[in-house]
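Structure file model28.txt with compact mmCIF, C-alpha atoms and all ligand atoms:
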# COMPACT_ATOMS: atom_id res chain seq x y z
CA MET N 1 -65.07 -101.41 51.04
CA ILE N 2 -63.81 -103.42 53.97
CA ARG N 3 -65.98 -106.30 55.12
CA LYS N 4 -66.15 -107.40 58.68
CA SER N 5 -65.54 -111.06 58.18
CA ILE N 6 -63.24 -113.33 56.36
CA PHE N 7 -64.45 -116.57 55.03
CA THR N 8 -63.04 -119.56 53.38
CA CYS N 9 -65.01 -122.66 52.78
CA ILE N 10 -63.98 -125.97 51.44
CA VAL N 11 -67.06 -127.23 49.67
CA ILE N 12 -65.33 -130.33 48.53
CA ALA N 13 -61.95 -130.98 47.03
CA ALA N 14 -61.20 -133.74 44.62
CA ALA N 15 -57.95 -134.73 43.04
CA ALA N 16 -59.69 -135.58 39.80
CA GLY N 17 -57.84 -135.74 36.51
CA THR N 18 -54.46 -134.41 35.61
CA SER N 19 -55.08 -132.49 32.40
CA SER N 20 -55.40 -129.07 33.98
CA ALA N 21 -53.57 -127.27 36.70
CA GLN N 22 -53.92 -127.96 40.37
CA LEU N 23 -54.79 -125.06 42.61
CA LEU N 24 -51.59 -123.47 43.75
CA LYS N 25 -51.53 -122.71 47.41
CA GLY N 26 -48.66 -121.44 49.45
CA LYS N 27 -45.89 -123.26 51.19
CA LEU N 28 -45.33 -122.67 54.85
CA ASN N 29 -42.26 -120.62 55.53
CA SER N 30 -40.42 -122.45 58.28
CA LYS N 31 -38.23 -119.43 58.99
CA THR N 32 -41.11 -117.52 60.53
CA ILE N 33 -42.52 -120.23 62.78
CA SER N 34 -41.18 -118.52 65.88
CA ALA N 35 -43.32 -115.49 65.15
CA ALA N 36 -46.43 -117.62 65.27
CA GLU N 37 -45.60 -118.96 68.66
CA LYS N 38 -46.09 -115.48 70.07
CA GLY N 39 -49.67 -115.66 68.90
CA VAL N 40 -51.97 -113.05 67.46
CA GLN N 41 -53.15 -110.63 70.10
CA ALA N 42 -56.91 -110.12 70.04
CA ALA N 43 -56.53 -106.49 71.02
CA THR N 44 -54.47 -105.64 68.00
CA PHE N 45 -56.32 -107.65 65.37
CA SER N 46 -59.53 -106.02 64.12
CA ASP N 47 -62.27 -106.98 61.69
CA ALA N 48 -60.72 -104.52 59.26
CA ASP N 49 -57.38 -106.28 59.60
CA ALA N 50 -59.09 -109.57 58.77
CA ALA N 51 -60.63 -108.10 55.63
CA LYS N 52 -57.37 -106.49 54.58
CA MET N 53 -55.48 -109.72 55.06
CA ALA N 54 -58.12 -111.60 53.10
CA LYS N 55 -57.77 -109.23 50.19
CA GLU N 56 -54.01 -109.61 50.18
CA ALA N 57 -54.29 -113.39 50.28
CA VAL N 58 -56.83 -113.41 47.44
CA ASP N 59 -54.67 -111.08 45.36
CA TRP N 60 -51.81 -113.48 45.89
CA MET N 61 -53.93 -116.44 44.81
CA ASP N 62 -55.09 -114.53 41.72
CA GLN N 63 -51.48 -113.95 40.76
CA HIS N 64 -50.46 -117.58 41.29
CA ASN N 65 -53.42 -119.46 39.82
CA PRO N 66 -54.77 -119.69 36.27
CA VAL N 67 -57.55 -117.10 36.25
CA ALA N 68 -60.01 -117.36 33.36
CA ASP N 69 -59.71 -114.15 31.32
CA ALA N 70 -62.71 -112.14 30.15
CA LYS N 71 -63.04 -114.06 26.88
CA ASP N 72 -62.76 -117.48 28.48
CA PRO N 73 -65.99 -119.51 28.30
CA TYR N 74 -65.86 -120.13 32.06
CA ALA N 75 -65.62 -116.39 32.81
CA ILE N 76 -68.40 -115.65 30.34
CA ARG N 77 -70.60 -118.29 31.95
CA LEU N 78 -69.97 -117.10 35.52
CA ASN N 79 -70.58 -113.51 34.49
CA LYS N 80 -73.87 -114.50 32.90
CA ILE N 81 -74.92 -116.48 35.98
CA PHE N 82 -73.66 -114.22 38.75
CA GLY N 83 -73.03 -110.76 37.23
CA LYS N 84 -76.44 -109.50 38.31
CA HIS N 85 -75.68 -110.34 41.96
CA LYS N 86 -72.52 -108.25 42.37
CA ASN N 87 -74.26 -106.06 44.94
CA GLU N 88 -76.11 -108.78 46.82
CA ASP N 89 -77.60 -108.06 50.23
CA GLY N 90 -75.46 -105.01 51.01
CA LEU N 91 -72.21 -106.66 49.98
CA THR N 92 -69.93 -105.57 47.14
CA LEU N 93 -68.74 -108.76 45.50
CA ASN N 94 -66.15 -109.53 42.85
CA TYR N 95 -65.79 -112.90 41.20
CA LYS N 96 -63.35 -114.90 39.09
CA VAL N 97 -62.89 -118.46 37.87
CA TYR N 98 -59.76 -120.44 38.64
CA LYS N 99 -59.14 -123.03 35.94
CA VAL N 100 -58.09 -125.81 38.27
CA VAL N 101 -59.12 -129.41 38.89
CA ASP N 102 -60.10 -128.97 42.54
CA ILE N 103 -63.88 -129.02 43.01
CA ASN N 104 -64.27 -125.97 45.20
CA ALA N 105 -65.33 -122.38 45.68
CA PHE N 106 -64.67 -119.79 48.34
CA ALA N 107 -65.54 -116.26 49.35
CA CYS N 108 -63.74 -113.78 51.57
CA ALA N 109 -64.43 -110.77 53.72
CA ASP N 110 -63.40 -108.28 51.07
CA GLY N 111 -66.17 -109.65 48.84
CA SER N 112 -63.97 -111.81 46.65
CA ILE N 113 -65.66 -114.96 45.34
CA ARG N 114 -63.60 -117.54 43.49
CA VAL N 115 -65.22 -120.48 41.72
CA PHE N 116 -63.15 -123.34 40.38
CA SER N 117 -63.74 -124.56 36.83
CA ALA N 118 -63.99 -128.21 37.90
CA LEU N 119 -66.95 -127.33 40.13
CA MET N 120 -68.58 -125.44 37.25
CA ASP N 121 -68.11 -128.50 35.00
CA MET N 122 -70.25 -130.66 37.24
CA MET N 123 -72.98 -128.18 38.19
CA THR N 124 -75.92 -126.49 36.46
CA ASP N 125 -76.17 -122.70 36.54
CA GLU N 126 -78.58 -122.76 39.47
CA GLU N 127 -76.46 -125.30 41.37
CA ILE N 128 -73.47 -122.97 40.99
CA LEU N 129 -75.62 -120.17 42.40
CA ALA N 130 -76.55 -122.44 45.31
CA VAL N 131 -72.88 -122.99 46.11
CA ILE N 132 -72.07 -119.27 45.76
CA GLY N 133 -75.09 -118.43 47.90
CA HIS N 134 -73.70 -120.67 50.63
CA GLU N 135 -70.34 -118.88 50.38
CA ILE N 136 -71.97 -115.44 50.59
CA GLY N 137 -73.75 -116.72 53.68
CA HIS N 138 -70.43 -117.16 55.44
CA VAL N 139 -69.43 -113.60 54.58
CA LYS N 140 -72.80 -112.21 55.63
CA ASN N 141 -72.90 -114.21 58.85
CA HIS N 142 -69.51 -112.83 59.99
CA ASP N 143 -68.22 -116.28 60.73
CA SER N 144 -64.65 -115.53 60.25
CA ARG N 145 -62.49 -113.05 62.10
CA ASP N 146 -61.48 -115.87 64.43
CA ALA N 147 -60.85 -118.11 61.43
CA MET N 148 -58.58 -115.46 59.96
CA ARG N 149 -56.74 -115.11 63.24
CA ASP N 150 -56.35 -118.87 63.26
CA ALA N 151 -55.15 -118.83 59.66
CA LEU N 152 -52.56 -116.21 60.57
CA LYS N 153 -51.31 -118.35 63.41
CA ARG N 154 -51.10 -121.40 61.21
CA SER N 155 -49.38 -119.48 58.44
CA ALA N 156 -46.73 -118.34 60.89
CA ILE N 157 -46.96 -114.66 60.12
CA ALA N 158 -48.76 -113.52 63.24
CA ASP N 159 -46.35 -110.70 64.01
CA ALA N 160 -46.33 -109.36 60.47
CA ALA N 161 -50.11 -109.23 60.39
CA SER N 162 -50.68 -107.23 63.52
CA SER N 163 -49.35 -103.79 64.28
CA GLN N 164 -50.01 -100.94 66.68
CA SER N 165 -51.62 -98.86 63.94
CA GLY N 166 -54.08 -101.60 63.12
CA VAL N 167 -52.81 -101.67 59.57
CA ALA N 168 -51.23 -104.88 58.44
CA ALA N 169 -47.59 -104.69 57.57
CA GLN N 170 -46.30 -105.43 54.10
CA LEU N 171 -46.02 -109.17 53.71
CA THR N 172 -43.52 -111.01 51.59
CA ASP N 173 -44.59 -113.27 48.75
CA SER N 174 -43.88 -116.39 50.79
CA GLN N 175 -45.84 -115.02 53.75
CA LEU N 176 -48.84 -114.31 51.54
CA GLY N 177 -48.59 -117.78 50.08
CA ALA N 178 -48.59 -119.26 53.55
CA LEU N 179 -51.58 -117.15 54.51
CA ALA N 180 -53.49 -118.18 51.39
CA ASN N 181 -52.78 -121.81 52.20
CA ALA N 182 -53.94 -121.47 55.79
CA MET N 183 -57.05 -119.58 54.71
CA LEU N 184 -58.06 -122.31 52.29
CA GLU N 185 -57.66 -124.89 55.02
CA SER N 186 -59.90 -123.06 57.49
CA LYS N 187 -62.69 -125.13 58.95
CA TYR N 188 -66.03 -123.95 60.21
CA SER N 189 -68.38 -125.64 62.59
CA ARG N 190 -71.30 -127.68 61.40
CA LYS N 191 -73.60 -125.03 62.83
CA GLN N 192 -71.90 -122.34 60.77
CA GLU N 193 -72.16 -124.54 57.70
CA SER N 194 -75.85 -125.19 58.31
CA GLN N 195 -76.49 -121.47 58.71
CA ALA N 196 -74.62 -120.80 55.48
CA ASP N 197 -76.81 -123.43 53.81
CA ASP N 198 -79.87 -121.58 55.14
CA TYR N 199 -78.54 -118.35 53.69
CA GLY N 200 -77.89 -120.00 50.33
CA TYR N 201 -81.43 -121.39 50.27
CA ASP N 202 -82.86 -117.93 51.02
CA PHE N 203 -80.61 -116.40 48.36
CA LEU N 204 -82.09 -118.75 45.76
CA LYS N 205 -85.61 -118.18 47.03
CA ARG N 206 -85.58 -114.38 47.11
CA ASN N 207 -84.10 -114.28 43.61
CA ASN N 208 -86.73 -116.67 42.28
CA TYR N 209 -84.36 -119.50 41.46
CA ASN N 210 -85.26 -123.13 41.93
CA VAL N 211 -84.34 -123.86 45.56
CA MET N 212 -84.10 -127.56 44.68
CA ALA N 213 -80.80 -126.72 42.95
CA MET N 214 -79.22 -126.61 46.38
CA SER N 215 -80.40 -130.14 47.10
CA SER N 216 -79.17 -131.45 43.74
CA ALA N 217 -75.80 -129.73 44.21
CA PHE N 218 -75.34 -131.55 47.52
CA LYS N 219 -76.38 -134.84 45.93
CA LYS N 220 -73.71 -134.40 43.28
CA LEU N 221 -71.11 -133.75 45.98
CA GLU N 222 -72.33 -136.79 47.88
CA SER N 223 -71.97 -139.00 44.82
CA LEU N 224 -68.36 -137.85 44.54
CA SER N 225 -67.67 -138.57 48.18
CA THR N 226 -68.82 -142.16 47.79
CA GLY N 227 -66.74 -142.66 44.66
CA ALA N 228 -63.23 -143.84 44.08
CA LYS N 229 -61.70 -140.70 45.54
CA GLN N 230 -63.29 -141.16 48.92
CA SER N 231 -60.06 -141.15 50.88
CA ASN N 232 -59.22 -137.74 49.48
CA MET N 233 -62.70 -136.48 50.33
CA GLU N 234 -62.87 -137.51 53.92
CA LYS N 235 -60.35 -135.02 55.16
CA MET N 236 -61.87 -132.12 53.29
CA LEU N 237 -65.42 -132.97 54.22
CA SER N 238 -64.78 -133.71 57.86
CA SER N 239 -66.02 -130.35 59.09
CA HIS N 240 -69.06 -130.31 56.86
CA PRO N 241 -72.37 -131.91 57.65
CA ASP N 242 -73.01 -134.96 55.52
CA SER N 243 -73.95 -133.88 52.00
CA GLY N 244 -76.93 -136.24 51.93
CA ALA N 245 -78.25 -134.78 55.18
CA ARG N 246 -77.78 -131.28 53.83
CA ALA N 247 -79.76 -132.17 50.69
CA LYS N 248 -82.54 -133.58 52.85
CA ALA N 249 -82.66 -130.45 55.00
CA VAL N 250 -83.09 -128.35 51.86
CA GLU N 251 -85.91 -130.61 50.68
CA GLU N 252 -87.73 -130.29 54.01
CA LYS N 253 -87.53 -126.50 53.80
CA ALA N 254 -88.73 -126.56 50.20
CA LYS N 255 -91.74 -128.68 51.19
CA LYS N 256 -92.69 -126.19 53.90
CA ASP N 257 -92.37 -123.32 51.43
CA GLY N 258 -94.38 -125.12 48.74
CA LEU N 259 -91.30 -125.05 46.50
CA TYR N 260 -90.51 -128.78 46.48
CA LYS N 261 -90.27 -130.19 42.97
ZN ZN T 1 -69.36 -123.62 54.07

In structure tokens, how does this file's structure come out?
Amino acid sequence: MIRKSIFTCIVIAAAAGTSSAQLLKGKLNSKTISAAEKGVQAATFSDADAAKMAKEAVDWMDQHNPVADAKDPYAIRLNKIFGKHKNEDGLTLNYKVYKVVDINAFACADGSIRVFSALMDMMTDEEILAVIGHEIGHVKNHDSRDAMRDALKRSAIADAASSQSGVAAQLTDSQLGALANAMLESKYSRKQESQADDYGYDFLKRNNYNVMAMSSAFKKLESLSTGAKQSNMEKMLSSHPDSGARAKAVEEKAKKDGLYK
């Protein structure tokens, strides 16, 4: 089923450790830059196009990153945590783990959720659900057709992505890599992030999880951002509200709901 929005969200990205693979993103194809200069025409780029492009980009990333197979402990853990939420709030979601060192997770318009093993390593089950709930919030809130259009521009495949029929043209491997890269670098406004936080909180609440997991997840991210890797963090966190402030906002909501612990 096609979703109306495309979403990518950088929760946090850390260049921590070297023992496992780095997330493979695409390289920009300089040969197609001229296409981007023509821009993506709003009239020919629909919500359905955005979802279709998202699916193609995610498929590309699945092919080019180390995906945990069904017997992998990470896949087993995510399935146990999230399997029951595959049909959350009217969405049809699919999920996989990328075994990479980046501390991140994202979700897209076609319902694809990807969680990175390094993020799972540092979070409890409920904290992982808090992060995923935030990601689902971006999908549900339809934040992202414009972000996808922007990603297409930045990935220099504007012409390939739009057509008179409204169906995206076949993209080459390098074009898909460029699109995946641009998608992962999308930034949302602080307001969009706060609203996604609200959605994540409500996701935990309506499923009877401990809402405080959202606060503790942010505190863990904050402790990373003040650590040795700060210079790497700053760029990735620049569009996000301060993690400490986000944790505090969750705590205030929890107090009002009588769920503060
Ligand atoms: Zn976000």

Nearest residue to Lys140 (chain N) out of N:Ala50, N:Ala182, N:Leu91, N:Val211, using all atoms listed in the file? N:Leu91

Residues within 12 Å of (-76.1, -124.8, 60.1), file coordinates, counting all atoms listed in the file: what are they? Give the list as a list in words. His134, Gly137, His138, Asn141, Asp143, Tyr188, Ser189, Arg190, Lys191, Gln192, Glu193, Ser194, Gln195, Ala196, Asp197, Asp198, Tyr199, Gly200, Tyr201, Ser239, His240, Pro241, Asp242, Ala245, Arg246, Ala249 and Val250 of chain N

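For the pair CA of Gly177 (chain N) and CA of His64 (chain N), the interatomic distance is 9.0 Å.
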
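Reported to one decimal place, the separation of CA of Asp59 (chain N) from CA of Lys80 (chain N) is 23.1 Å.
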
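With all atoms listed in the file as the basis for measurement, N:Ala130 is the residue among N:Val67, N:Met61, N:Ala130, N:Met123 that approaches ligand ZN 1 (chain T) most closely.
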
So how many Å separate CA of Val97 (chain N) and CA of Leu78 (chain N), to one decimal? 7.6 Å

For region 107-120 of chain N, I'd like the enclosing box, axis-aligned and padded by 5 Å on every side, reported as JSON with centre and edge lengths in Å to one decimal.
{"center_x": -65.9, "center_y": -118.2, "center_z": 45.3, "size_x": 15.4, "size_y": 29.9, "size_z": 26.9}

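If all atoms listed in the file are the atoms counted, then among N:Trp60, N:Phe203, N:Phe116, N:Tyr74 the closest residue to Leu129 (chain N) is N:Phe203.
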
When you look at Asn94 (chain N) with a cut-off of 9 Å (counting all atoms listed in the file), what residues show up, excluding the ones that are within fewer than 2 positions of it in the same chain? I need them as an NGL selection string. :N and (83 or 86 or 92 or 96 or 110-114)

Tell me which protein, DNA and RNA residues are within 9 Å of Ala180 (chain N), counting only C-alpha atoms, leaving out same-chain ones fewer than 5 positions away, and put them as a PyMOL selection string. chain N and resi 25-26+54+56-58+60-61+151+155+175+185

Around the point (-74.6, -122.2, 35.4) in the file's coordinates, collect all residues with an atom within 7 Å, using all atoms listed in the file, and return them as number ranges by chain. N: 77-78, 81, 123-128

Would you kindly return, as a ChimeraX atom specification, each protein, DNA or RNA residue with an atom no farther than 8 Å from any atom of Val131 (chain N), considering all atoms listed in the file and excluding same-chain residues fewer than 6 positions away? /N:105,200,214,217

Prev. selection, C-alpha atoms, output as a PDB file, in the coordinates of the input:
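Below is the file part06.pdb, written as the result:
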ATOM      1  CA  ALA N 105     -65.330-122.380  45.680  1.00  0.00           C
ATOM      2  CA  GLY N 200     -77.890-120.000  50.330  1.00  0.00           C
ATOM      3  CA  MET N 214     -79.220-126.610  46.380  1.00  0.00           C
ATOM      4  CA  ALA N 217     -75.800-129.730  44.210  1.00  0.00           C
TER       5      ALA N 217
END

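Distances here use all atoms listed in the file; by that measure, the residue among N:Ile136, N:Ala48, N:Met212, N:Leu184 closest to His85 (chain N) is N:Ile136.
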
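Using only C-alpha atoms, the shortest contact distance between Ala147 (chain N) and any of N:Glu88, N:Met183, N:Ser117, N:Ala178 is found at N:Met183.
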
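Closest to Leu171 (chain N) among N:Val139, N:Leu152, N:Ala70, N:Glu222 is N:Leu152, based on only C-alpha atoms.
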